[in-house]
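Novice: Following this line is run_32.cif, made up of mmCIF, C-alpha atoms:
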```cif
data_coords
#
loop_
_atom_site.label_atom_id
_atom_site.label_comp_id
_atom_site.auth_asym_id
_atom_site.auth_seq_id
_atom_site.Cartn_x
_atom_site.Cartn_y
_atom_site.Cartn_z
CA MET F 118 -265.89 2.50 158.58
CA ASN F 119 -265.58 -0.89 160.26
CA PHE F 120 -262.23 -2.41 159.37
CA ARG F 121 -262.28 -6.16 159.00
CA ARG F 122 -259.53 -8.14 157.34
CA LYS F 123 -258.92 -6.49 153.96
CA GLU F 124 -256.05 -5.44 151.76
CA GLN F 125 -253.64 -2.83 153.10
CA SER F 126 -254.60 -0.60 150.18
CA LEU F 127 -258.05 -0.14 151.74
CA PHE F 128 -256.42 0.96 154.99
CA ASN F 129 -254.32 3.49 153.09
CA ASN F 130 -257.41 4.76 151.24
CA LEU F 131 -259.28 5.20 154.50
CA MET F 132 -256.31 7.14 155.85
CA LYS F 133 -256.17 9.30 152.75
CA ASN F 134 -259.91 10.04 152.92
CA LYS F 135 -259.66 10.89 156.63
CA GLU F 136 -262.30 8.28 157.49
CA TYR F 137 -262.44 6.76 160.95
CA ILE F 138 -261.12 3.20 160.92
CA LYS F 139 -262.96 0.95 163.38
CA THR F 140 -261.81 -2.38 164.76
CA ASP F 141 -262.19 -4.43 167.93
CA VAL F 142 -258.55 -4.30 169.04
CA VAL F 143 -255.69 -2.20 167.74
CA ILE F 144 -252.18 -3.34 168.68
CA VAL F 145 -249.28 -0.95 168.23
CA GLY F 146 -246.13 -2.97 167.54
CA SER F 147 -245.35 -6.24 165.78
CA GLY F 148 -242.78 -7.76 168.11
CA VAL F 149 -243.26 -10.82 170.29
CA ALA F 150 -245.66 -9.08 172.71
CA GLY F 151 -247.91 -7.62 170.02
CA LEU F 152 -248.03 -10.75 167.89
CA PHE F 153 -248.63 -13.15 170.79
CA ALA F 154 -251.40 -10.92 172.17
CA ALA F 155 -253.06 -10.95 168.74
CA LEU F 156 -252.83 -14.73 168.47
CA CYS F 157 -254.22 -15.19 172.00
CA LEU F 158 -257.33 -13.12 171.24
CA PRO F 159 -260.43 -15.04 170.09
CA LYS F 160 -261.12 -15.42 166.39
CA ASP F 161 -264.26 -13.29 166.58
CA LYS F 162 -262.18 -10.24 167.52
CA ASP F 163 -260.99 -8.17 164.58
CA VAL F 164 -257.39 -7.22 165.30
CA LEU F 165 -255.44 -4.47 163.56
CA ILE F 166 -251.68 -4.38 164.14
CA ILE F 167 -249.76 -1.30 163.07
CA THR F 168 -246.00 -1.20 163.19
CA LYS F 169 -243.63 1.72 162.69
CA GLU F 170 -241.37 0.11 160.10
CA ASN F 171 -241.38 -3.27 158.34
CA THR F 172 -242.52 -6.24 160.39
CA ASP F 173 -239.02 -7.68 160.59
CA GLU F 174 -237.60 -4.47 162.06
CA CYS F 175 -238.49 -4.95 165.71
CA ASP F 176 -236.21 -5.50 168.67
CA SER F 177 -237.71 -8.94 169.35
CA MET F 178 -235.94 -10.05 166.17
CA LEU F 179 -232.62 -9.08 167.75
CA ALA F 180 -232.92 -11.11 170.97
CA GLN F 181 -229.99 -13.48 170.80
CA GLY F 182 -229.57 -15.37 174.04
CA GLY F 183 -232.76 -17.29 174.68
CA VAL F 184 -235.91 -17.55 176.74
CA CYS F 185 -236.10 -18.73 180.33
CA VAL F 186 -238.37 -21.50 181.54
CA LEU F 187 -239.03 -23.18 184.87
CA LYS F 188 -237.61 -26.65 184.19
CA ASP F 189 -239.26 -28.21 187.23
CA VAL F 190 -240.83 -27.16 190.53
CA ASN F 191 -237.54 -27.72 192.34
CA ASP F 192 -236.03 -24.78 190.47
CA PHE F 193 -238.76 -22.27 191.42
CA LYS F 194 -237.07 -20.89 194.53
CA CYS F 195 -233.69 -20.55 192.80
CA TYR F 196 -235.17 -18.95 189.67
CA PHE F 197 -237.29 -16.57 191.75
CA GLU F 198 -234.28 -15.50 193.83
CA ASP F 199 -232.05 -15.08 190.76
CA THR F 200 -234.64 -12.76 189.19
CA MET F 201 -235.15 -10.77 192.40
CA LYS F 202 -231.44 -10.45 193.10
CA ALA F 203 -230.67 -9.25 189.58
CA GLY F 204 -233.44 -6.66 190.01
CA HIS F 205 -231.93 -5.44 193.30
CA TRP F 206 -235.00 -6.83 195.11
CA GLU F 207 -237.07 -3.98 193.69
CA ASN F 208 -239.14 -6.38 191.58
CA ASP F 209 -242.83 -6.94 192.25
CA PRO F 210 -242.83 -10.45 193.77
CA ASP F 211 -246.29 -11.24 192.40
CA SER F 212 -245.21 -10.36 188.85
CA VAL F 213 -242.12 -12.52 189.17
CA ARG F 214 -244.19 -15.41 190.51
CA VAL F 215 -246.75 -15.13 187.70
CA MET F 216 -243.99 -14.97 185.07
CA ILE F 217 -242.20 -18.04 186.37
CA GLU F 218 -245.32 -20.10 187.04
CA SER F 219 -246.66 -19.35 183.56
CA SER F 220 -243.42 -20.15 181.77
CA GLN F 221 -244.01 -23.84 181.06
CA GLU F 222 -247.44 -23.21 179.54
CA VAL F 223 -246.18 -20.37 177.35
CA ILE F 224 -243.10 -22.27 176.17
CA GLY F 225 -245.29 -25.30 175.50
CA THR F 226 -247.51 -23.10 173.32
CA LEU F 227 -244.48 -21.85 171.37
CA ILE F 228 -243.32 -25.41 170.75
CA ASP F 229 -246.82 -26.40 169.62
CA LEU F 230 -246.80 -23.43 167.22
CA GLY F 231 -243.55 -24.68 165.69
CA VAL F 232 -240.77 -22.76 167.43
CA ASP F 233 -237.58 -24.79 167.06
CA PHE F 234 -235.40 -24.79 170.17
CA ASP F 235 -231.92 -26.35 170.05
CA THR F 236 -231.44 -29.89 171.34
CA ASP F 237 -228.42 -31.84 172.48
CA LYS F 238 -226.98 -34.99 170.91
CA ASP F 239 -229.62 -37.09 172.69
CA GLY F 240 -232.48 -35.00 171.31
CA LYS F 241 -233.26 -33.31 174.62
CA TYR F 242 -233.60 -29.56 174.92
CA ASP F 243 -230.23 -27.88 175.36
CA TYR F 244 -230.62 -25.49 178.29
CA THR F 245 -227.90 -22.89 178.68
CA ARG F 246 -226.97 -20.46 181.42
CA GLU F 247 -226.28 -16.73 181.38
CA GLY F 248 -225.15 -14.09 183.83
CA ALA F 249 -226.72 -14.17 187.32
CA HIS F 250 -228.42 -17.52 186.66
CA ARG F 251 -227.28 -20.24 189.03
CA ARG F 252 -228.75 -23.01 186.89
CA ASN F 253 -229.14 -23.82 183.20
CA ARG F 254 -232.74 -22.88 182.41
CA ILE F 255 -232.56 -21.00 179.10
CA LEU F 256 -233.88 -22.45 175.84
CA HIS F 257 -232.37 -21.07 172.64
CA HIS F 258 -232.27 -21.30 168.88
CA LYS F 259 -228.61 -20.82 168.00
CA ASP F 260 -227.95 -17.12 168.72
CA GLU F 261 -231.17 -15.82 167.20
CA THR F 262 -233.89 -17.02 169.55
CA GLY F 263 -235.94 -13.84 169.23
CA LYS F 264 -235.96 -14.11 165.44
CA GLU F 265 -237.07 -17.75 165.57
CA ILE F 266 -239.96 -16.94 167.90
CA THR F 267 -241.00 -13.73 166.13
CA ASP F 268 -240.83 -15.24 162.65
CA THR F 269 -242.97 -18.18 163.78
CA LEU F 270 -245.62 -15.94 165.35
CA LEU F 271 -245.58 -13.55 162.40
CA ASP F 272 -246.07 -16.32 159.84
CA ILE F 273 -249.09 -17.60 161.75
CA ALA F 274 -250.56 -14.12 162.33
CA LYS F 275 -250.37 -13.32 158.61
CA LYS F 276 -252.59 -16.33 157.87
CA LYS F 277 -255.29 -15.46 160.42
CA GLU F 278 -258.46 -14.03 158.88
CA ASN F 279 -259.13 -11.80 161.90
CA ILE F 280 -255.66 -10.20 161.99
CA THR F 281 -254.48 -7.42 159.69
CA ILE F 282 -250.91 -6.11 159.88
CA VAL F 283 -250.08 -2.68 158.47
CA PRO F 284 -246.37 -1.70 158.38
CA LYS F 285 -244.77 1.73 158.19
CA THR F 286 -247.53 3.32 160.25
CA THR F 287 -246.71 5.34 163.36
CA MET F 288 -248.91 6.10 166.36
CA ILE F 289 -248.82 9.83 167.09
CA ASP F 290 -251.58 10.26 169.70
CA PHE F 291 -254.14 8.57 171.91
CA ILE F 292 -257.84 9.23 171.39
CA GLU F 293 -259.30 9.48 174.88
CA LYS F 294 -261.86 11.24 176.98
CA ASP F 295 -262.51 11.07 180.72
CA ASN F 296 -259.56 8.68 181.09
CA VAL F 297 -261.08 6.11 178.72
CA CYS F 298 -259.05 5.25 175.64
CA GLN F 299 -261.05 5.11 172.42
CA GLY F 300 -258.26 4.58 169.92
CA ILE F 301 -255.19 6.17 168.38
CA VAL F 302 -254.17 8.70 165.78
CA CYS F 303 -251.55 7.45 163.34
CA GLU F 304 -249.48 8.56 160.36
CA ASP F 305 -248.57 6.36 157.42
CA GLU F 306 -245.39 6.33 155.34
CA TYR F 307 -246.85 8.90 152.95
CA GLY F 308 -247.55 11.42 155.71
CA GLU F 309 -251.30 10.76 155.69
CA MET F 310 -252.87 10.93 159.14
CA GLY F 311 -255.88 8.96 160.30
CA SER F 312 -257.85 7.85 163.34
CA ILE F 313 -258.35 4.27 164.48
CA LEU F 314 -261.20 3.63 166.91
CA ALA F 315 -261.15 0.40 168.90
CA ARG F 316 -262.74 -1.11 171.94
CA ASP F 317 -259.30 -1.99 173.30
CA ILE F 318 -255.80 -0.71 172.58
CA ILE F 319 -252.57 -2.60 173.32
CA LEU F 320 -249.28 -0.72 173.32
CA ALA F 321 -246.34 -2.97 172.40
CA THR F 322 -243.95 -0.42 170.92
CA GLY F 323 -240.77 -1.63 172.65
CA GLY F 324 -238.35 0.62 174.51
CA LEU F 325 -236.49 3.84 173.73
CA GLY F 326 -233.05 2.89 172.43
CA GLY F 327 -233.42 5.10 169.37
CA LEU F 328 -233.04 8.13 171.65
CA PHE F 329 -229.49 7.07 172.57
CA LEU F 330 -226.32 7.53 170.56
CA ASN F 331 -225.21 3.96 171.32
CA SER F 332 -227.92 1.31 171.56
CA THR F 333 -228.58 -2.27 170.52
CA ASN F 334 -232.12 -1.20 169.52
CA TYR F 335 -233.38 -0.25 166.10
CA PRO F 336 -233.14 3.55 165.71
CA HIS F 337 -236.90 3.96 165.15
CA ILE F 338 -237.66 2.55 168.63
CA THR F 339 -238.02 5.95 170.29
CA GLY F 340 -240.40 5.51 173.22
CA ASP F 341 -243.48 6.95 171.50
CA SER F 342 -245.82 5.25 173.98
CA PHE F 343 -243.98 6.82 176.91
CA ALA F 344 -244.22 10.33 175.46
CA LEU F 345 -247.95 9.94 174.83
CA ALA F 346 -248.45 8.51 178.31
CA ILE F 347 -246.80 11.61 179.77
CA LYS F 348 -248.98 13.89 177.61
CA HIS F 349 -252.20 12.12 178.60
CA GLY F 350 -251.46 11.51 182.26
CA VAL F 351 -251.11 7.72 182.00
CA GLU F 352 -249.06 6.51 184.96
CA LEU F 353 -245.43 5.55 184.38
CA LYS F 354 -243.21 3.46 186.63
CA ASP F 355 -239.41 3.48 186.96
CA ILE F 356 -238.88 5.34 183.68
CA ASN F 357 -235.22 5.78 184.65
CA TYR F 358 -234.60 2.03 185.00
CA ILE F 359 -232.78 1.56 181.73
CA GLN F 360 -230.37 -1.32 181.22
CA ILE F 361 -226.94 -0.80 179.73
CA HIS F 362 -225.67 -4.02 178.17
CA PRO F 363 -221.99 -4.60 178.98
CA THR F 364 -220.86 -6.18 175.72
CA THR F 365 -221.60 -4.74 172.30
CA LEU F 366 -219.14 -4.97 169.42
CA TYR F 367 -217.00 -1.85 169.52
CA SER F 368 -217.15 0.39 166.47
CA LYS F 369 -216.54 4.02 165.65
CA LYS F 370 -219.29 3.85 163.02
CA LYS F 371 -222.68 5.37 163.74
CA GLY F 372 -225.77 3.20 163.96
CA ARG F 373 -227.17 0.32 165.96
CA ARG F 374 -224.63 -1.52 168.09
CA PHE F 375 -224.23 -5.26 167.52
CA LEU F 376 -224.91 -7.20 170.70
CA ILE F 377 -222.53 -9.92 171.84
CA SER F 378 -224.95 -11.95 173.89
CA GLU F 379 -224.51 -12.80 177.52
CA SER F 380 -224.91 -16.43 176.48
CA VAL F 381 -221.37 -16.21 175.04
CA ARG F 382 -220.11 -15.51 178.54
CA GLY F 383 -222.41 -18.27 179.77
CA GLU F 384 -220.47 -20.65 177.54
CA GLY F 385 -217.11 -19.53 178.94
CA ALA F 386 -216.14 -16.20 177.37
CA ILE F 387 -214.00 -13.91 179.54
CA LEU F 388 -213.41 -10.15 179.66
CA LEU F 389 -209.91 -8.67 179.49
CA ASN F 390 -208.52 -5.17 179.99
CA GLU F 391 -205.78 -3.38 178.01
CA ASN F 392 -203.11 -5.46 179.77
CA GLY F 393 -204.85 -8.69 178.82
CA GLU F 394 -205.94 -9.23 182.43
CA ARG F 395 -209.26 -10.67 183.51
CA PHE F 396 -210.90 -8.12 185.82
CA THR F 397 -214.38 -9.35 186.81
CA ASP F 398 -216.70 -12.32 187.21
CA GLU F 399 -218.41 -12.31 183.81
CA LEU F 400 -221.55 -14.06 185.10
CA GLN F 401 -222.62 -11.36 187.51
CA PRO F 402 -225.77 -9.30 186.75
CA ARG F 403 -225.47 -7.01 183.74
CA ASP F 404 -225.31 -3.76 185.66
CA VAL F 405 -222.47 -5.09 187.82
CA VAL F 406 -220.47 -6.21 184.76
CA THR F 407 -221.16 -2.90 183.02
CA ASN F 408 -219.86 -0.93 186.01
CA ALA F 409 -216.74 -3.10 186.13
CA ILE F 410 -216.09 -2.41 182.43
CA VAL F 411 -216.59 1.33 182.88
CA GLU F 412 -214.04 1.34 185.72
CA GLU F 413 -211.47 -0.49 183.57
CA MET F 414 -212.01 1.96 180.70
CA LYS F 415 -211.47 4.87 183.10
CA LYS F 416 -208.34 3.24 184.51
CA PHE F 417 -206.72 2.80 181.10
CA GLY F 418 -208.24 5.83 179.35
CA THR F 419 -209.92 3.68 176.68
CA ASP F 420 -213.45 3.38 175.35
CA HIS F 421 -213.57 -0.42 175.21
CA VAL F 422 -212.36 -3.67 176.78
CA TYR F 423 -212.05 -7.11 175.18
CA ILE F 424 -213.92 -10.41 175.10
CA THR F 425 -212.60 -13.80 174.03
CA LEU F 426 -214.05 -17.32 174.05
CA PRO F 427 -211.25 -19.77 174.90
CA THR F 428 -213.59 -22.64 175.79
CA MET F 429 -214.71 -23.29 172.20
CA THR F 430 -213.02 -24.11 168.94
CA THR F 431 -213.68 -21.98 165.87
CA GLU F 432 -216.03 -24.68 164.55
CA GLN F 433 -217.97 -24.94 167.81
CA ALA F 434 -218.42 -21.18 168.10
CA ALA F 435 -219.53 -20.88 164.48
CA LYS F 436 -222.20 -23.52 165.10
CA ARG F 437 -223.44 -22.28 168.51
CA PHE F 438 -223.21 -18.53 167.77
CA PRO F 439 -223.29 -18.22 163.96
CA ASN F 440 -224.39 -14.58 163.77
CA ILE F 441 -222.06 -13.37 166.52
CA PHE F 442 -219.17 -15.36 165.08
CA ASP F 443 -219.77 -13.94 161.59
CA ALA F 444 -220.11 -10.36 162.87
CA CYS F 445 -216.78 -10.64 164.66
CA MET F 446 -215.12 -12.23 161.64
CA GLU F 447 -216.37 -9.35 159.46
CA GLU F 448 -214.40 -7.04 161.75
CA GLY F 449 -211.35 -9.31 161.48
CA TYR F 450 -211.70 -11.21 164.77
CA ASP F 451 -212.02 -14.91 165.55
CA ILE F 452 -213.69 -14.72 168.96
CA THR F 453 -212.17 -18.07 170.00
CA LYS F 454 -208.60 -16.86 169.39
CA ASP F 455 -208.59 -13.07 169.31
CA LYS F 456 -209.42 -10.31 171.75
CA VAL F 457 -212.62 -8.76 170.41
CA PRO F 458 -213.19 -5.11 171.47
CA VAL F 459 -216.52 -4.54 173.26
CA THR F 460 -218.17 -1.59 174.97
CA PRO F 461 -221.41 -0.98 176.92
CA ALA F 462 -224.50 0.40 175.16
CA GLN F 463 -228.14 1.07 175.98
CA HIS F 464 -230.09 -2.15 175.64
CA TYR F 465 -233.37 -2.52 177.50
CA MET F 466 -236.08 -0.66 179.40
CA MET F 467 -237.12 -2.17 182.74
CA GLY F 468 -239.46 0.72 183.52
CA GLY F 469 -242.27 1.97 181.33
CA ILE F 470 -246.02 2.37 181.43
CA LYS F 471 -247.25 1.04 184.75
CA THR F 472 -249.50 -2.02 184.42
CA ASP F 473 -251.11 -4.55 186.69
CA LEU F 474 -250.72 -8.30 186.28
CA TYR F 475 -253.06 -8.22 183.28
CA GLY F 476 -251.45 -5.43 181.30
CA ARG F 477 -254.04 -2.84 182.34
CA THR F 478 -252.76 0.74 182.55
CA SER F 479 -254.19 3.63 184.56
CA MET F 480 -256.40 4.51 181.55
CA ALA F 481 -259.42 2.31 180.88
CA HIS F 482 -259.23 0.06 177.79
CA LEU F 483 -255.55 0.93 177.32
CA TYR F 484 -253.13 -1.97 177.81
CA ALA F 485 -249.36 -2.27 177.56
CA ALA F 486 -247.16 -5.34 177.07
CA GLY F 487 -243.55 -6.25 176.47
CA GLU F 488 -240.78 -3.72 176.97
CA THR F 489 -243.32 -0.88 176.82
CA ALA F 490 -244.96 -2.07 180.03
CA CYS F 491 -243.67 -2.07 183.57
CA ASN F 492 -245.38 -4.66 185.71
CA GLY F 493 -242.43 -4.89 188.09
CA ALA F 494 -241.13 -8.28 186.94
CA HIS F 495 -237.61 -6.98 186.25
CA GLY F 496 -237.05 -4.55 189.11
CA LYS F 497 -234.07 -2.25 188.65
CA ASN F 498 -232.09 -4.59 186.40
CA ARG F 499 -233.38 -7.39 184.17
CA LEU F 500 -232.13 -10.93 184.53
CA ALA F 501 -230.79 -12.27 181.24
CA SER F 502 -233.33 -13.97 178.94
CA ASN F 503 -236.34 -12.97 181.03
CA SER F 504 -237.45 -10.37 178.47
CA LEU F 505 -239.02 -12.69 175.90
CA LEU F 506 -240.70 -14.72 178.62
CA GLU F 507 -242.13 -11.68 180.37
CA SER F 508 -243.42 -10.29 177.07
CA LEU F 509 -245.17 -13.53 176.19
CA VAL F 510 -246.69 -14.20 179.61
CA PHE F 511 -248.20 -10.76 180.16
CA ALA F 512 -249.27 -10.26 176.53
CA LYS F 513 -251.37 -13.41 176.87
CA ARG F 514 -252.83 -12.21 180.17
CA ALA F 515 -253.84 -8.91 178.58
CA ALA F 516 -255.45 -10.75 175.67
CA ASP F 517 -257.34 -13.02 178.08
CA VAL F 518 -258.77 -10.03 179.99
CA ILE F 519 -259.85 -8.33 176.76
CA ALA F 520 -261.50 -11.55 175.57
CA ASP F 521 -263.42 -11.97 178.84
CA ASP F 522 -264.61 -8.35 179.10
CA LYS F 523 -268.29 -8.25 178.13
CA SER F 524 -269.02 -4.81 179.57
CA GLU F 525 -270.53 -2.03 177.50
CA LYS F 526 -268.18 0.68 176.25
CA PRO F 527 -269.91 3.72 174.77
CA GLU F 528 -268.07 5.67 172.09
CA ASN F 529 -267.25 9.01 173.67
CA TYR F 530 -264.59 11.19 172.13
CA ASN F 531 -264.05 14.65 170.79
CA GLU F 532 -263.81 15.14 167.06
CA ILE F 533 -260.21 14.67 165.94
CA ASP F 534 -258.61 17.62 164.18
CA LEU F 535 -255.82 16.03 162.19
CA SER F 536 -254.59 19.41 160.98
CA SER F 537 -253.64 20.33 164.56
CA TYR F 538 -250.75 17.86 164.72
CA PRO F 539 -247.24 19.23 164.16
CA PRO F 540 -244.89 17.95 161.44
CA LYS F 541 -243.01 14.72 162.06
CA GLU F 542 -239.65 16.30 162.95
CA GLU F 543 -241.22 18.73 165.41
CA ARG F 544 -243.23 15.91 166.99
CA GLN F 545 -240.16 13.73 167.39
CA LYS F 546 -238.28 16.53 169.18
CA GLU F 547 -241.23 17.08 171.51
CA PHE F 548 -241.52 13.38 172.35
CA LYS F 549 -237.79 13.07 172.99
CA LYS F 550 -237.73 16.07 175.31
CA LEU F 551 -240.73 14.78 177.28
CA ILE F 552 -239.02 11.44 177.87
CA MET F 553 -235.53 12.75 178.61
CA ASP F 554 -236.87 15.39 181.01
CA GLU F 555 -238.75 12.65 182.86
CA ILE F 556 -235.61 10.49 183.13
CA LYS F 557 -233.55 13.47 184.27
CA GLU F 558 -236.07 14.32 186.97
CA LYS F 559 -236.08 10.74 188.26
CA ASP F 560 -232.33 10.06 188.12
CA LYS F 561 -229.97 12.89 187.25
CA ASP F 562 -226.88 10.74 187.80
CA PHE F 563 -228.02 8.19 185.20
CA TYR F 564 -229.04 11.00 182.85
CA ASP F 565 -225.65 12.70 183.14
CA LYS F 566 -223.78 9.43 182.68
CA TRP F 567 -225.69 7.93 179.75
CA CYS F 568 -228.35 10.29 178.37
CA ASN F 569 -226.12 13.27 177.59
CA THR F 570 -224.81 11.17 174.72
CA GLN F 571 -228.26 10.43 173.34
CA GLY F 572 -228.79 10.47 169.59
#
```
Kindly present the structure from the file in structure tokens form.
Specialist:
Amino acid sequence: MNFRRKEQSLFNNLMKNKEYIKTDVVIVGSGVAGLFAALCLPKDKDVLIITKENTDECDSMLAQGGVCVLKDVNDFKCYFEDTMKAGHWENDPDSVRVMIESSQEVIGTLIDLGVDFDTDKDGKYDYTREGAHRRNRILHHKDETGKEITDTLLDIAKKKENITIVPKTTMIDFIEKDNVCQGIVCEDEYGEMGSILARDIILATGGLGGLFLNSTNYPHITGDSFALAIKHGVELKDINYIQIHPTTLYSKKKGRRFLISESVRGEGAILLNENGERFTDELQPRDVVTNAIVEEMKKFGTDHVYITLPTMTTEQAAKRFPNIFDACMEEGYDITKDKVPVTPAQHYMMGGIKTDLYGRTSMAHLYAAGETACNGAHGKNRLASNSLLESLVFAKRAADVIADDKSEKPENYNEIDLSSYPPKEERQKEFKKLIMDEIKEKDKDFYDKWCNTQG
């Protein structure tokens, strides 16, 4: 049955009755990449977005620091070099160029859509700086920039007649034949399975932090797209390039780790060891700072170091970083006066499903965007606050290609046997093993250091 914009109850009924659901574009994931792609598609395209949990439970909501932008042409060379250097010069130069050159247009679109970036006392945008940036080029909304952007896009998407968003629905397989993607198989919150057929499919499922014991990601972000890519022979790139963020709030409790953004260090926070000594330049690339912290922990036999923000008063910190300040206070620390314990945790995926500059994967009509994709923009280590920008830029480019494609696509797929799929728990174990085995094969040292403590 063709699925145009209707109530979610119809979607659930179609799932229950095992009917094929047909749409023009299905997008898996409701973060910044998925939502922006949907909004960039033309109004005559029926778009179905499925998301694994509720729409507000995506990692885009957690992005604290900000979003980079090319302030003027004179900053291009510096910005380009900062990105390449942070990525150990393993970045794809064309991807970096496209990202930077597209930044002003994309940020302008966000502002036009109503995203509220912080301004200074004169009403001008307040650009900040983070680790490995030599200049202030990061726009922000307090310490919840990702939430501001995602909420704005989500509110608009919900009002669009051509966009339907269905939460608590998980992709469990690709529908493909002869290396042409025809859709996806999914499972809803009630355990009902169904098939969605679409002309084009965009994967925007985020990274894989849910596979790790300590991660800043939501626990349901488990790399489903990567596991399915491995099963179906879709090309991956740099699957072992996984970023460990140096500063998350230390806790012995299980669950998602609270990120203390790099922007705090950009505003003057320093790192201290057990002796209260500063031991590194806090504004180096993330992997360098992480390694320095690990060495200090080894030296003192501890599982954390400390961060403090001596350059701000309590009032200033509470205004600039309200969520971070409150999280620290809940643990009994005033970050401007106390030493707050922090420890590294898995944070971001630089690698992923290999794409070109338009989000196209090695399978026809299958696209990837955001953290799920690897177009080479980040190299081996992502520069701070490039993630939201990269997601937005390449999501739009994928949407533009889909909109311009007028070629014929015949429906050609084998009948889907929904009864052949294993139970959820068995499927999750299989997916996790596929991904971890791939990481281990690519980089055993990283696997031994970080993945042996996966969740």
Novice: Within 9 Å of range 498-516 of chain F, which residues of range 188-290 of chain F show up? Give each one with its shortest atom-to-atom distance in Å (one decimal) and the two atoms involved, counting only C-alpha atoms, rows by chain then rising residue number, as JSON lines.
Specialist:
```
{"residue": "F:Asp199", "atom": "CA", "partner": "F:Leu500", "partner_atom": "CA", "distance": 7.5}
{"residue": "F:Thr200", "atom": "CA", "partner": "F:Leu500", "partner_atom": "CA", "distance": 5.6}
{"residue": "F:Met201", "atom": "CA", "partner": "F:Leu500", "partner_atom": "CA", "distance": 8.4}
{"residue": "F:Lys202", "atom": "CA", "partner": "F:Leu500", "partner_atom": "CA", "distance": 8.6}
{"residue": "F:Ala203", "atom": "CA", "partner": "F:Leu500", "partner_atom": "CA", "distance": 5.5}
{"residue": "F:Gly204", "atom": "CA", "partner": "F:Asn498", "partner_atom": "CA", "distance": 4.4}
{"residue": "F:His205", "atom": "CA", "partner": "F:Asn498", "partner_atom": "CA", "distance": 7.0}
{"residue": "F:Glu207", "atom": "CA", "partner": "F:Asn498", "partner_atom": "CA", "distance": 8.8}
{"residue": "F:Asn208", "atom": "CA", "partner": "F:Asn498", "partner_atom": "CA", "distance": 8.9}
{"residue": "F:Val213", "atom": "CA", "partner": "F:Glu507", "partner_atom": "CA", "distance": 8.8}
{"residue": "F:Val215", "atom": "CA", "partner": "F:Val510", "partner_atom": "CA", "distance": 8.1}
{"residue": "F:Met216", "atom": "CA", "partner": "F:Glu507", "partner_atom": "CA", "distance": 6.0}
{"residue": "F:Ile217", "atom": "CA", "partner": "F:Leu506", "partner_atom": "CA", "distance": 8.6}
{"residue": "F:Ser219", "atom": "CA", "partner": "F:Val510", "partner_atom": "CA", "distance": 6.5}
{"residue": "F:Ser220", "atom": "CA", "partner": "F:Leu506", "partner_atom": "CA", "distance": 6.8}
{"residue": "F:Val223", "atom": "CA", "partner": "F:Val510", "partner_atom": "CA", "distance": 6.6}
{"residue": "F:Ile224", "atom": "CA", "partner": "F:Leu506", "partner_atom": "CA", "distance": 8.3}
{"residue": "F:Glu247", "atom": "CA", "partner": "F:Ala501", "partner_atom": "CA", "distance": 6.3}
{"residue": "F:Gly248", "atom": "CA", "partner": "F:Ala501", "partner_atom": "CA", "distance": 6.5}
{"residue": "F:Ala249", "atom": "CA", "partner": "F:Leu500", "partner_atom": "CA", "distance": 6.9}
{"residue": "F:His250", "atom": "CA", "partner": "F:Leu500", "partner_atom": "CA", "distance": 7.9}
{"residue": "F:Ile255", "atom": "CA", "partner": "F:Ser502", "partner_atom": "CA", "distance": 7.1}
{"residue": "F:Gly263", "atom": "CA", "partner": "F:Leu505", "partner_atom": "CA", "distance": 7.4}
```
Novice: What does the file look like for those residues with C-alpha atoms, as a JSON list (two decimals), in the coordinates of the input?
Specialist:
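New file part.json:
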```json
[["chain", "number", "residue", "atom", "x", "y", "z"],
["F", 199, "ASP", "CA", -232.05, -15.08, 190.76],
["F", 200, "THR", "CA", -234.64, -12.76, 189.19],
["F", 201, "MET", "CA", -235.15, -10.77, 192.40],
["F", 202, "LYS", "CA", -231.44, -10.45, 193.10],
["F", 203, "ALA", "CA", -230.67, -9.25, 189.58],
["F", 204, "GLY", "CA", -233.44, -6.66, 190.01],
["F", 205, "HIS", "CA", -231.93, -5.44, 193.30],
["F", 207, "GLU", "CA", -237.07, -3.98, 193.69],
["F", 208, "ASN", "CA", -239.14, -6.38, 191.58],
["F", 213, "VAL", "CA", -242.12, -12.52, 189.17],
["F", 215, "VAL", "CA", -246.75, -15.13, 187.70],
["F", 216, "MET", "CA", -243.99, -14.97, 185.07],
["F", 217, "ILE", "CA", -242.20, -18.04, 186.37],
["F", 219, "SER", "CA", -246.66, -19.35, 183.56],
["F", 220, "SER", "CA", -243.42, -20.15, 181.77],
["F", 223, "VAL", "CA", -246.18, -20.37, 177.35],
["F", 224, "ILE", "CA", -243.10, -22.27, 176.17],
["F", 247, "GLU", "CA", -226.28, -16.73, 181.38],
["F", 248, "GLY", "CA", -225.15, -14.09, 183.83],
["F", 249, "ALA", "CA", -226.72, -14.17, 187.32],
["F", 250, "HIS", "CA", -228.42, -17.52, 186.66],
["F", 255, "ILE", "CA", -232.56, -21.00, 179.10],
["F", 263, "GLY", "CA", -235.94, -13.84, 169.23]]
```
Novice: Given all atoms listed in the file as the basis, pick out the residue of F:Val422, F:Leu330, F:Cys303, F:Ala321 nearest to Asp176 in chain F.
Specialist: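 That would be F:Ala321, the residue with the smallest distance to Asp176 in chain F.
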Novice: For a cutoff of 6 Å around the file-coordinate point (-245.5, 3.4, 183.2), which residues qualify once you count only C-alpha atoms? I'd like the result as a VMD selection string.
Specialist: chain F and resid 352 to 354 469 to 471 491
Novice: What does the distance from CA of Leu325 in chain F to CA of Leu483 in chain F come to in Å, to one decimal?
Specialist: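 Between these atoms lies a distance of 19.6 Å.
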